[in-house]
Every structure is written in structure tokens, then in C-alpha cells.
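S.K.: Below is the structure I would like to discuss, written out as C-alpha cells.
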Amino acid sequence: MNKTLFRIVVFLMTLSLLGIIVVQGYLINASFKNKDEQFKYQVKQVIDNVSKKLQEQETYTFLSTYNKLKDSIGKSPQQSELLKFFYVEKNTVTNETIIYSNSLIAEDYSLPSSFFDKNKDSTQLKNYISKRVTEVYNGNTINDSRINSTLSPDEKIEKSGRMDVLDKATFGVYFKDIAATRSITQRVSNKQLYDLLAYELTGYGIKTPFEFGIYSNGLATKVKSEKFKYDKKNTYDIPVFTDNDGVSKYQLLVSFPKKKQFLISDLIGIAFLAFLFTAIIIVAYYSALNQLNKQRHISQIKTDFINNMTHEFKTPIATINLALDAIKNPKIIDDKEKVFRYLQMIKDENKRMHAQVENVLQISKLEKRELNITKESYNMNDIIEEAIEHVNLIIEDRQGKITVNLKAKQTNVLLNDVHFTNVLVNILENAIKYSPDKPIIEVTSENVKNFIIIKIKDQGLGISKASQKKIFDKFYREHTGDIHNVKGHGLGLAYVKRIVDDHHGEVMVESEKGKGSTFIIKLPLIY
């Protein structure tokens with residue numbers, strides 16, 4: 001995948017992820033607003049019901065007391081006929097005349113004015129009675145003018161009953177005028193109001209703390225809960241105790257201090273799942289992006305590795321071909337000295353290619369934990385000196401210098417001498433290869449607590465900060481302009497890291513571009 005396509009894919013994936021997050025945020029916010037509207041509607045229904053019930057309870061209390069007082073009056077009430085009407089029906093077959101009459105009678109009651117908090121001696125209230133009469137006349141001719149005559153009917157049926165509608169209507173008008181003169185604390189108590197609100201709120205599923213208060217013309221009254229505080233966003237109001245003109249000087253206010261938490265609690269399950277799945281998507285996205293980036297990096301490293309391996313195999317293969325062609329030459333085939341020389345050349349080049357293949361196989365075995373490394377107790381200073389011997393001729397050939405300062409007193413380490421010698425040789429060879437001028441190398445050892453510290457310092461090209469984190473990765477090689485100007489295939493330091501890790505040690509590098517590098521190996525001592 002080329003860089004442009006990779007960037008487009010990353011951009012689209014990032015855009016999609018951000019889109020999902022924004023959409024989820026929008027949906028959660030929309031759900032919260034819907035919940036808020038639903039809550040507002042339900043609370044309006046609750047306080048409307050409470051307002052009606054307060055009015056009904058007050059009316060019922062007054063009416064009940066009024067009826068008890070009315071029934072306790074000893075003398076008969078004064079009656080006056082307000083309205084009377086007739087309906088006459090004649091049946092020519094049976095020769096019967098039926099007369100229906102209905103009278104509306106008002107009964108005046110004199111009640112103690114103390115009931116209505118009045119200063120007068122008494123108060124007159126009316127009770128309405130409906131009196132219905134059915135008269136049947138047989139074989140007589142009745143004229144409308146004779147309806148009120150003294151003629152007696154053959155059959156008479158009388159019925160009477162209270163006019164509850166008129167009673168209540170009359171009482172309601174009178175009662176509201178009287179109730180308006182009473183104080184709010186006489187009309188409703190804190191407990192009564194709290195019980196009504198709690199009952200109605202529970203019925204609508206609103207289970208959150210609430211505070212309430214009744215205001216009179218914008219001023220607080222004594223009818224309120226202890227912690228009531230007006231909050232424009234969380235307080236709802238409605239008029240209570242309206243008078244005969246439909247006007248009320250009292251407002252019932254109900255506040256919900258934890259409204260937001262209550263609304264969020266309904267959405268917390270959905271929100272949690274949304275955030276959880278979003279987090280999973282982000283982790284998966286990051287992991288996929290990281291893997292994609294690693295694959296690109298590995299692909300580039302493998303390309304570099306193949307180029308380097310091809311370059312390094314090309315020379316020995318060409319040398320072997322030339323040597324074989326020379327041996328086949330009739331003039332040389334009889335010259336044993338030249339034949340043996342060419343054969344030795346073929347053997348050396350073959351050995352060189354074999355060593356490179358062996359390095360690749362060893363790294364593969366190390367990764368699979370298939371490389372059998374036996375360890376014994378060795379003097380670390382001896383291993384260091386042996387490794388230096390392997391590179392002394394190369395340093396002399398480059399007219400370089402190696403300084404050894406082994407200050408460590410405790411040097412016994414459990415290790416595999418062959419592999420650990422290779423570790424030190426690899427680092428020393430790198431110090432020589434990456435020194436453009438005469439290689440100047442310093443090797444030291446010292447004790448720090450229960451460890452021995454080996455440092456190999458050079459004055460070569462140095463390593464950039466970005467590359468220092470990757471130089472121990474398999475196949476990685478820092479580019480130095482021309483990829484083939486320093487031979488190698490990026491396996492040496494990967495091998496070093498694997499062997500040191502297998503010995504329970506640590507390897508690190510300190511370097512600055514253009515000022516050389518220092519490789520540090522830390523190994524545990526044995527006693």
C-alpha cells in the first residue's frame with residue numbers, strides 16, 4: 001500500500017469514527033431532551049391533578065359540615081314555591097285524562113354565621129326540592145282552565161326529591177366567596193400537600209426528591225417544604241384555589257433539585273453501552289491502525305532486507321562463478337596451485353553465505369524458543385577479551401584503536417560463552433562498520449549492586465533518536481543515504497537483544513547523531 005492510499009484509508013477511518021461518536025452524542029442528547037419534555041408534561045399533569053384535588057377536598061369539607069348543620073336544625077325550614085308547570089295528556093280510546101305537574105320549592109335555612117367566619121348572627125342558605133305529581137281522571141272532560149279546580153282525581157301519584165345540582169351550584173358560589181377570606185394555612189397544610197404530591201408523582205413513575213411551596217401574589221407563604229428554593233429550570237407552577245371569577249391569588253410551585261440526575265439515570269444504561277461500544281471501536285481502530293502501520297514498516301524492512309541479502313549474495317555468487325570458469329580453463333586446470341587457490345576462494349565465499357543464512361535461522365529459532373542455549377558460570381571479563389580478539393585484526397587493518405578498562409571485581413555470570421561472545425562481536429563489528437574514519441572504541445566493565453555493566457563506546461556516525469527505539473527490531477537498519485554503503489541485513493542487533501533477554505539481562509543504547517554511540521549491557525551476577 002503506497003503512502004497516499006494509506007493516508008486516504010486512515011483519513012476515512014478516522015472520519016467514520018468521529019462520525020459515529022458525533023451521531024451517538026446527538027442521539028443521547030436528543031433522548032435527554034425528549035425525556036425532559038416528557039418529564040415536564042407529566043409534572044404538569046401531576047400539579048394540575050393536585051390543584052383540582054385541593055379544591056375538591058376543601059369543597060367536600062365545607063359541604064359535609066354544612067349538611068350536618070342543616071340536618072341538626074330543629075324547626076322546619078321556610079318553603080316558597082319558585083316554579084310550577086303542567087303537562088296534560090288525553091287518551092280518546094280509554095277516555096282518561098292524565099295531568100303531570102312539577103313544582104320547584106326553595107327551603108330557607110338559617111345557619112350559624114360562625115361556620116362561615118361571619119360577624120352576623122346567622123346566614124341564610126337555600127335547599128331546593130323537586131315535587132312531582134301525576135293525576136289520572138276517568139270519564140271526565142278536563143279543560144285547561146279547570147286544572148286548578150277542586151275536582152278530585154281517580155288516581156294520584158306524588159314524588160319528591162332534592163335538587164342536588166342546584167344545591168351544589170348555589171353552595172359552590174357562596175362557598176368560594178367565603179373561602180377566599182380565609183388564610184392559606186387554614187385551607188391546606190404542609191402534610192396534606194406533600195401527601196397529594198407524593199401520591200400523584202408516584203402514580204406517574206416520577207421517583208425523585210421534590211420540594212414545594214405556595215406563593216401569594218409572588219410572595220412565599222408558610223405552606224412550603226423546608227428546603228424549597230425557586231429554580232427557574234427545575235420548578236413548575238400552577239394556580240390553586242380559584243375564585244368565582246376564575247382568578248387565583250395563590251400559585252403552587254413544585255421544584256425537583258435532582259431532576260437532571262433523574263433524567264440521566266433513565267439514559268445511563270443506553271449511554272454506558274454506547275460509550276462501551278465506542279471505546280471498543282476506538283481500541284479496535286487504534287489496534288488496526290497500529291497493525292497496519294507495523295505491516296507497512298515490516299514490508300519496508302523486508303524490502304530492505306531482501307535488497308541487502310541480494311546485494312551480499314551477489315558478490316560471493318559472482319566470485320564463485322568466476323572461480324569455476326577459471327578452473328575449467330585448460331591453461332589453469334593443470335596448475336594445482338591456482339586450482340587450490342580458486343577452490344579455497346569458493347569455500348570461503350560459500351562459508352560466508354552459509355554464515356548469513358545461519359544468522360537468519362538462529363533468529364527464527366530464538367523467536368520460537370527452539371534454540372537450545374546451555375549456560376555455565378563464566379568470568380565476564382574473559383568473555384569480553386575473547387570477543388575483542390575476534391575484531392583486533394579488523395581494527396588494525398583500519399588503523400583504529402580499542403581501549404579496554406575492565407574495572408569490575410565481581411565477574412561471575414551464568415551464560416553461554418559462544419552466543420554471548422557473538423553478542424559482543426556483533427556490537428564491536430557495528431562500532432567498526434559505522435565509524436567512517438579510523439575506529440576508536442572503548443570497552444569498560446563495572447559492578448553496580450548485583451550486576452555487571454559492560455559498555456562499548458565508539459566515535460562513529462551515531463544513531464538518531466527515532467532509530468534508537470527500533471535498532472533492536474529484526475531486519476531494521478538505519479538508512480545512511482545509500483542503503484548499501486554499510487553492509488548488513490538488520491539481524492545483528494536483533495540477535496543481540498534476543499540473547500541478552502534469554503540471559504535475563506538488559507541491553508540499551510545511548511547515542512547522538514554524529515557523535516558516536518554507547519551500547520550498555522547489564523547482566524545479573526552469581527555468587
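Starting from 1 in every chain, residues are counted up; chains themselves are A, B, ... following the order of the C-alpha cells, and ligands are numbered from 1 as listed.
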Fewer than 6 positions away in the same chain doesn't count, so skip those; otherwise give me all residues within 12 Å of Glu389 in chain A, counting only C-alpha atoms, as a PyMOL selection string.

M.R.: chain A and resi 382-383+395-396+402+404+421-422+424-425+428-429

S.K.: Quick one: write out the picked residues with all heavy atoms as a short mmCIF file (atom, residue, chain, number, x, y, z; two decimals), in the first residue's frame?

M.R.:
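Result saved to selection.cif:
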data_model
loop_
_atom_site.label_atom_id
_atom_site.label_comp_id
_atom_site.auth_asym_id
_atom_site.auth_seq_id
_atom_site.Cartn_x
_atom_site.Cartn_y
_atom_site.Cartn_z
N ASP A 382 36.74 -12.37 30.89
CA ASP A 382 37.37 -13.28 29.92
C ASP A 382 36.59 -13.30 28.60
O ASP A 382 37.18 -13.33 27.52
CB ASP A 382 37.45 -14.69 30.50
CG ASP A 382 38.42 -14.79 31.67
OD1 ASP A 382 39.27 -13.87 31.80
OD2 ASP A 382 38.32 -15.75 32.46
N ILE A 383 35.25 -13.30 28.71
CA ILE A 383 34.41 -13.31 27.50
C ILE A 383 34.64 -12.02 26.71
O ILE A 383 34.71 -12.04 25.47
CB ILE A 383 32.91 -13.45 27.89
CG1 ILE A 383 32.67 -14.76 28.66
CG2 ILE A 383 32.02 -13.38 26.66
CD1 ILE A 383 32.92 -16.01 27.87
N ILE A 395 40.41 -4.06 13.31
CA ILE A 395 40.72 -2.72 13.81
C ILE A 395 42.13 -2.29 13.37
O ILE A 395 42.34 -1.15 12.95
CB ILE A 395 40.60 -2.69 15.35
CG1 ILE A 395 39.13 -2.86 15.76
CG2 ILE A 395 41.17 -1.38 15.92
CD1 ILE A 395 38.91 -3.00 17.24
N GLU A 396 43.07 -3.23 13.43
CA GLU A 396 44.43 -2.92 12.99
C GLU A 396 44.47 -2.61 11.51
O GLU A 396 45.18 -1.68 11.07
CB GLU A 396 45.35 -4.10 13.30
CG GLU A 396 45.63 -4.27 14.79
CD GLU A 396 46.46 -5.51 15.08
OE1 GLU A 396 46.89 -6.18 14.11
OE2 GLU A 396 46.66 -5.83 16.27
N ILE A 402 41.48 0.25 20.08
CA ILE A 402 40.48 -0.20 21.05
C ILE A 402 41.08 -0.12 22.44
O ILE A 402 42.17 -0.63 22.69
CB ILE A 402 39.99 -1.62 20.72
CG1 ILE A 402 38.86 -2.03 21.68
CG2 ILE A 402 41.11 -2.64 20.73
CD1 ILE A 402 38.08 -3.23 21.22
N VAL A 404 40.63 -0.89 26.51
CA VAL A 404 39.91 -1.80 27.41
C VAL A 404 40.16 -1.36 28.85
O VAL A 404 41.32 -1.21 29.27
CB VAL A 404 40.35 -3.26 27.21
CG1 VAL A 404 39.57 -4.18 28.13
CG2 VAL A 404 40.18 -3.67 25.76
N THR A 421 29.67 -14.42 23.31
CA THR A 421 30.82 -13.88 22.55
C THR A 421 30.34 -13.27 21.24
O THR A 421 30.78 -12.19 20.83
CB THR A 421 31.85 -14.99 22.28
OG1 THR A 421 32.31 -15.54 23.52
CG2 THR A 421 33.05 -14.46 21.50
N ASN A 422 29.40 -13.97 20.58
CA ASN A 422 28.82 -13.43 19.33
C ASN A 422 28.11 -12.09 19.57
O ASN A 422 28.15 -11.20 18.71
CB ASN A 422 27.83 -14.43 18.73
CG ASN A 422 28.52 -15.64 18.14
OD1 ASN A 422 29.72 -15.58 17.82
ND2 ASN A 422 27.80 -16.74 18.00
N LEU A 424 28.88 -9.74 21.80
CA LEU A 424 29.88 -8.69 21.91
C LEU A 424 30.56 -8.43 20.57
O LEU A 424 30.83 -7.27 20.22
CB LEU A 424 30.92 -9.07 22.97
CG LEU A 424 30.37 -9.23 24.41
CD1 LEU A 424 31.48 -9.71 25.34
CD2 LEU A 424 29.80 -7.91 24.91
N VAL A 425 30.82 -9.50 19.79
CA VAL A 425 31.45 -9.35 18.48
C VAL A 425 30.53 -8.54 17.56
O VAL A 425 31.00 -7.67 16.80
CB VAL A 425 31.78 -10.72 17.86
CG1 VAL A 425 32.18 -10.58 16.39
CG2 VAL A 425 32.91 -11.39 18.64
N LEU A 428 30.77 -4.91 18.52
CA LEU A 428 32.09 -4.38 18.13
C LEU A 428 32.19 -4.20 16.61
O LEU A 428 32.74 -3.20 16.13
CB LEU A 428 33.20 -5.32 18.63
CG LEU A 428 33.41 -5.33 20.15
CD1 LEU A 428 34.30 -6.50 20.56
CD2 LEU A 428 34.02 -4.01 20.62
N GLU A 429 31.65 -5.15 15.85
CA GLU A 429 31.68 -5.03 14.38
C GLU A 429 30.88 -3.84 13.91
O GLU A 429 31.26 -3.13 12.97
CB GLU A 429 31.16 -6.32 13.74
CG GLU A 429 32.16 -7.46 13.78
CD GLU A 429 31.64 -8.71 13.09
OE1 GLU A 429 30.40 -8.80 12.88
OE2 GLU A 429 32.45 -9.59 12.77
#

S.K.: Find the residues around range 16-28 of chain A up to 9 Å (only C-alpha atoms counted), leave out those fewer than 5 positions away in its own chain, and share them as a VMD selection string.

M.R.: chain A and resid 11 33 267 270 to 271 274 to 275 278 281 to 282 285

S.K.: Output C-alpha atoms for every residue in that selection, as a PDB file, in the first residue's frame.

M.R.:
ATOM      1  CA  PHE A  11      -8.446   9.689   6.975  1.00  0.00           C
ATOM      2  CA  LYS A  33     -34.367  16.364  25.591  1.00  0.00           C
ATOM      3  CA  LEU A 267     -30.437   7.028  29.966  1.00  0.00           C
ATOM      4  CA  ILE A 270     -28.018   3.192  26.959  1.00  0.00           C
ATOM      5  CA  ALA A 271     -25.263   5.789  27.368  1.00  0.00           C
ATOM      6  CA  ALA A 274     -22.908   3.460  23.660  1.00  0.00           C
ATOM      7  CA  PHE A 275     -19.676   4.568  25.336  1.00  0.00           C
ATOM      8  CA  THR A 278     -17.462   3.325  21.111  1.00  0.00           C
ATOM      9  CA  ILE A 281     -14.357   0.608  18.298  1.00  0.00           C
ATOM     10  CA  ILE A 282     -11.632   3.124  19.259  1.00  0.00           C
ATOM     11  CA  TYR A 285      -9.389   1.172  15.343  1.00  0.00           C
TER      12      TYR A 285
END

S.K.: How far is it from CA of Leu252 in chain A to CA of Ile238 in chain A, in Å with one decimal?

M.R.: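 CA of Leu252 in chain A sits 5.4 Å away from CA of Ile238 in chain A.
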
S.K.: Hey, what does DSSP flag as strand (DSSP E) within range 308-472 of chain A? Can you give it to me as a PyMOL selection string?

M.R.: chain A and resi 376-379+401-406+412-415+440-448+451-458

S.K.: Could you write out that same residue set with C-alpha atoms as a tab-separated table (two decimals), in the first residue's frame?

M.R.:
chain	number	residue	atom	x	y	z
A	376	GLU	CA	27.52	-22.19	32.72
A	377	SER	CA	29.40	-19.92	35.10
A	378	TYR	CA	31.99	-17.78	33.28
A	379	ASN	CA	34.22	-14.83	34.05
A	401	LYS	CA	42.37	1.69	18.33
A	402	ILE	CA	40.48	-0.20	21.05
A	403	THR	CA	40.85	0.72	24.72
A	404	VAL	CA	39.91	-1.80	27.41
A	405	ASN	CA	39.19	-0.78	31.01
A	406	LEU	CA	37.70	-3.70	32.97
A	412	ASN	CA	30.92	-14.45	37.56
A	413	VAL	CA	27.91	-14.70	35.25
A	414	LEU	CA	25.70	-17.62	34.16
A	415	LEU	CA	25.85	-17.59	30.36
A	440	ILE	CA	38.21	4.49	18.14
A	441	ILE	CA	36.48	2.09	20.54
A	442	GLU	CA	36.42	1.94	24.34
A	443	VAL	CA	35.28	-1.17	26.27
A	444	THR	CA	34.66	-0.99	30.03
A	445	SER	CA	33.11	-3.11	32.77
A	446	GLU	CA	32.00	-2.20	36.28
A	447	ASN	CA	29.87	-3.50	39.15
A	448	VAL	CA	26.60	-1.85	40.17
A	451	PHE	CA	25.01	-6.60	38.30
A	452	ILE	CA	27.92	-6.27	35.94
A	453	ILE	CA	27.69	-3.43	33.42
A	454	ILE	CA	29.52	-3.69	30.07
A	455	LYS	CA	29.85	-0.56	27.92
A	456	ILE	CA	31.10	-0.43	24.32
A	457	LYS	CA	31.63	3.15	23.15
A	458	ASP	CA	32.57	4.33	19.64

S.K.: Of the candidates A:Ser101, A:Gln57, A:Asn234, A:Gln38, which one gets nearest to Lys260 in chain A if we count only C-alpha atoms?

M.R.: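 Nearest to Lys260 in chain A: A:Asn234.
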